[in-house]
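Structure record follows, encoded as structure tokens.
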Amino acid sequence: AEAGKKGVTSPLVNRAEVVLCEEELRTAIGVRIVSKIKAKVTEGIELGIDTTIIDCGMHILEVEDPKAAAWARIREAIHRGDTDGLRRAIESGRSAGVDETELDDARSKLDEILPPLKLHDDDDPGPYSMSQPGPDE
């Protein structure tokens with residue numbers, strides 16, 4: 001992660017970061033260090049590490065610290081830009097007591113992904129406009 005902050009984007013450096021994060025997460029899972037699991041799950045999501053390892057970490061978080069698990073699910077949904085996942089993560093985060101600023105980040109991402117609902121475009125009368133003949137005319 002340090003190399004990425006300094007502008008180094010070499011595939012070799014990126015792969016090394018992924019491998020290191022996977023190993024650190026496996027170690028944290030093995031000894032059940034919840035704070036380390038939370039940090040490495042979040043980093044792993046951003047790096048795109050093996051989802052099986054992330055899921056193992058998430059399972060431990062869900063058992064040991066549901067609030068941390070909800071927070072991590074929110075980070076994951078934001079990173080992936082998954083609208084359904086964001087909705088579920090916001091709801092579970094709210095239930096678990098995740099800080100409102102984290103929920104606001106998720107809501108903002110959801111608003112960014114979903115276009116505003118428009119019933120019609122003023123410039124495009126659409127197929128059922130009064131000014132256009134219908135299918136029976």
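Going through the structure tokens in order, the chains are called A, B, and so on, while each chain numbers its residues from 1 and the ligands are numbered from 1 in the order shown.
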
Subject >> Distance query A:Ala77 at most 8 Å, only C-alpha atoms, self and fewer than 6 positions along chain excluded, as a list in words >> reply: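 Near neighbours after the sequence-gap exclusion: Thr83, Gly85, Leu86, Ala89 and Ala106 of chain A.
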
Just to be explicit: take each residue in the selection above, keep all heavy atoms, and write the result as a PDB file, in the first residue's frame.
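Saved to again06.pdb:
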```pdb
ATOM      1  N   THR A  83     -25.074  -1.945  -6.016  1.00  0.00           N
ATOM      2  CA  THR A  83     -26.230  -1.246  -5.443  1.00  0.00           C
ATOM      3  C   THR A  83     -26.990  -2.115  -4.443  1.00  0.00           C
ATOM      4  O   THR A  83     -27.335  -1.641  -3.364  1.00  0.00           O
ATOM      5  CB  THR A  83     -27.185  -0.758  -6.547  1.00  0.00           C
ATOM      6  OG1 THR A  83     -27.599  -1.858  -7.341  1.00  0.00           O
ATOM      7  CG2 THR A  83     -26.548   0.302  -7.406  1.00  0.00           C
ATOM      8  N   GLY A  85     -25.835  -4.683  -2.784  1.00  0.00           N
ATOM      9  CA  GLY A  85     -24.935  -4.861  -1.648  1.00  0.00           C
ATOM     10  C   GLY A  85     -24.876  -3.623  -0.774  1.00  0.00           C
ATOM     11  O   GLY A  85     -24.827  -3.721   0.454  1.00  0.00           O
ATOM     12  N   LEU A  86     -24.896  -2.449  -1.399  1.00  0.00           N
ATOM     13  CA  LEU A  86     -24.901  -1.202  -0.632  1.00  0.00           C
ATOM     14  C   LEU A  86     -26.169  -1.079   0.194  1.00  0.00           C
ATOM     15  O   LEU A  86     -26.114  -0.718   1.367  1.00  0.00           O
ATOM     16  CB  LEU A  86     -24.774   0.008  -1.569  1.00  0.00           C
ATOM     17  CG  LEU A  86     -23.365   0.398  -1.950  1.00  0.00           C
ATOM     18  CD1 LEU A  86     -23.374   1.355  -3.132  1.00  0.00           C
ATOM     19  CD2 LEU A  86     -22.645   1.023  -0.775  1.00  0.00           C
ATOM     20  N   ALA A  89     -25.892  -3.515   3.036  1.00  0.00           N
ATOM     21  CA  ALA A  89     -24.848  -3.081   3.965  1.00  0.00           C
ATOM     22  C   ALA A  89     -25.317  -1.890   4.795  1.00  0.00           C
ATOM     23  O   ALA A  89     -25.030  -1.818   5.996  1.00  0.00           O
ATOM     24  CB  ALA A  89     -23.571  -2.731   3.198  1.00  0.00           C
ATOM     25  N   ALA A 106     -21.818   5.404   2.353  1.00  0.00           N
ATOM     26  CA  ALA A 106     -22.488   4.366   1.564  1.00  0.00           C
ATOM     27  C   ALA A 106     -23.678   4.953   0.821  1.00  0.00           C
ATOM     28  O   ALA A 106     -23.901   4.640  -0.354  1.00  0.00           O
ATOM     29  CB  ALA A 106     -22.928   3.211   2.461  1.00  0.00           C
TER      30      ALA A 106
END
```

Subject >> For A:Arg32: contacts at 12 Å, only C-alpha atoms, fewer than 6 positions along chain excluded, given as a list in words >> reply: Glu24, Leu25, Arg26, Lys38, Cys56, Gly57, Met58, His59, Ile60, Leu61, Val63, Glu64 and Asp65 of chain A

For stretch 72-76 of chain A: contacts at 8 Å, only C-alpha atoms, fewer than 2 positions along chain excluded, given as a tab-separated table (two decimals) with N, CA and C atoms, in the first residue's frame:
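Written file, around25.tsv:
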```tsv
chain	number	residue	atom	x	y	z
A	38	LYS	N	-10.12	-6.88	10.79
A	38	LYS	CA	-10.89	-5.75	10.23
A	38	LYS	C	-10.02	-4.93	9.28
A	41	VAL	N	-9.09	-7.09	6.13
A	41	VAL	CA	-10.25	-7.31	5.26
A	41	VAL	C	-10.48	-6.07	4.42
A	42	THR	N	-10.46	-4.92	5.07
A	42	THR	CA	-10.67	-3.65	4.35
A	42	THR	C	-9.59	-3.43	3.30
A	45	ILE	N	-10.03	-5.92	0.41
A	45	ILE	CA	-11.11	-5.54	-0.51
A	45	ILE	C	-10.58	-4.54	-1.53
A	46	GLU	N	-9.86	-3.54	-1.04
A	46	GLU	CA	-9.32	-2.51	-1.93
A	46	GLU	C	-8.28	-3.06	-2.90
A	58	MET	N	-14.49	-12.13	7.20
A	58	MET	CA	-15.81	-11.57	7.47
A	58	MET	C	-16.61	-12.47	8.41
A	68	ALA	N	-18.13	-4.34	13.47
A	68	ALA	CA	-16.97	-4.31	12.58
A	68	ALA	C	-17.29	-5.03	11.27
A	69	ALA	N	-18.04	-6.12	11.34
A	69	ALA	CA	-18.42	-6.85	10.13
A	69	ALA	C	-19.31	-5.99	9.25
A	70	ALA	N	-20.28	-5.32	9.87
A	70	ALA	CA	-21.17	-4.44	9.09
A	70	ALA	C	-20.38	-3.32	8.44
A	78	ILE	N	-19.12	-0.35	-1.08
A	78	ILE	CA	-18.70	0.92	-1.67
A	78	ILE	C	-17.63	0.66	-2.72
A	79	HIS	N	-16.65	-0.16	-2.36
A	79	HIS	CA	-15.55	-0.45	-3.29
A	79	HIS	C	-16.06	-1.11	-4.57
A	80	ARG	N	-16.97	-2.03	-4.43
A	80	ARG	CA	-17.47	-2.77	-5.60
A	80	ARG	C	-18.54	-2.01	-6.37
A	86	LEU	N	-24.90	-2.45	-1.40
A	86	LEU	CA	-24.90	-1.20	-0.63
A	86	LEU	C	-26.17	-1.08	0.19
A	89	ALA	N	-25.89	-3.51	3.04
A	89	ALA	CA	-24.85	-3.08	3.96
A	89	ALA	C	-25.32	-1.89	4.79
A	90	ILE	N	-26.03	-0.97	4.19
A	90	ILE	CA	-26.55	0.18	4.92
A	90	ILE	C	-27.53	-0.28	5.99
A	93	GLY	N	-25.65	-2.23	8.66
A	93	GLY	CA	-24.83	-1.26	9.40
A	93	GLY	C	-25.66	-0.46	10.37
A	102	GLU	N	-20.20	6.74	8.30
A	102	GLU	CA	-19.93	5.60	7.40
A	102	GLU	C	-21.17	5.29	6.57
A	103	LEU	N	-22.33	5.35	7.19
A	103	LEU	CA	-23.57	5.10	6.45
A	103	LEU	C	-23.77	6.19	5.41
A	106	ALA	N	-21.82	5.40	2.35
A	106	ALA	CA	-22.49	4.37	1.56
A	106	ALA	C	-23.68	4.95	0.82
```

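Here atom CA of A:Val18 is placed at a distance of 11.6 Å from atom CA of A:Ile53.
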
Original post:
Quick one: of A:Trp71, A:Ile37, A:Glu23, A:Arg107, who's nearest to A:Ser95, counting only C-alpha atoms?
Top reply: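 Selected residue with least distance to A:Ser95: A:Trp71.
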
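Between atom CA of A:Leu20 and atom CA of A:Asp55 the interatomic distance comes to 17.2 Å.
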
**OP:** Please give the complete set of residues from stretch 44-101 of chain A that DSSP, run on the backbone, assigns to alpha helix (DSSP H), formatted as a PyMOL selection string.
**Re:** chain A and resi 44-47+51-64+66-80+83-96+100-101

Original post:
In Å to one decimal, how far is atom CA of A:Lys67 from atom CA of A:Ala96?
Top reply: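 Computed distance, atom CA of A:Ala96 to atom CA of A:Lys67, equals 5.0 Å.
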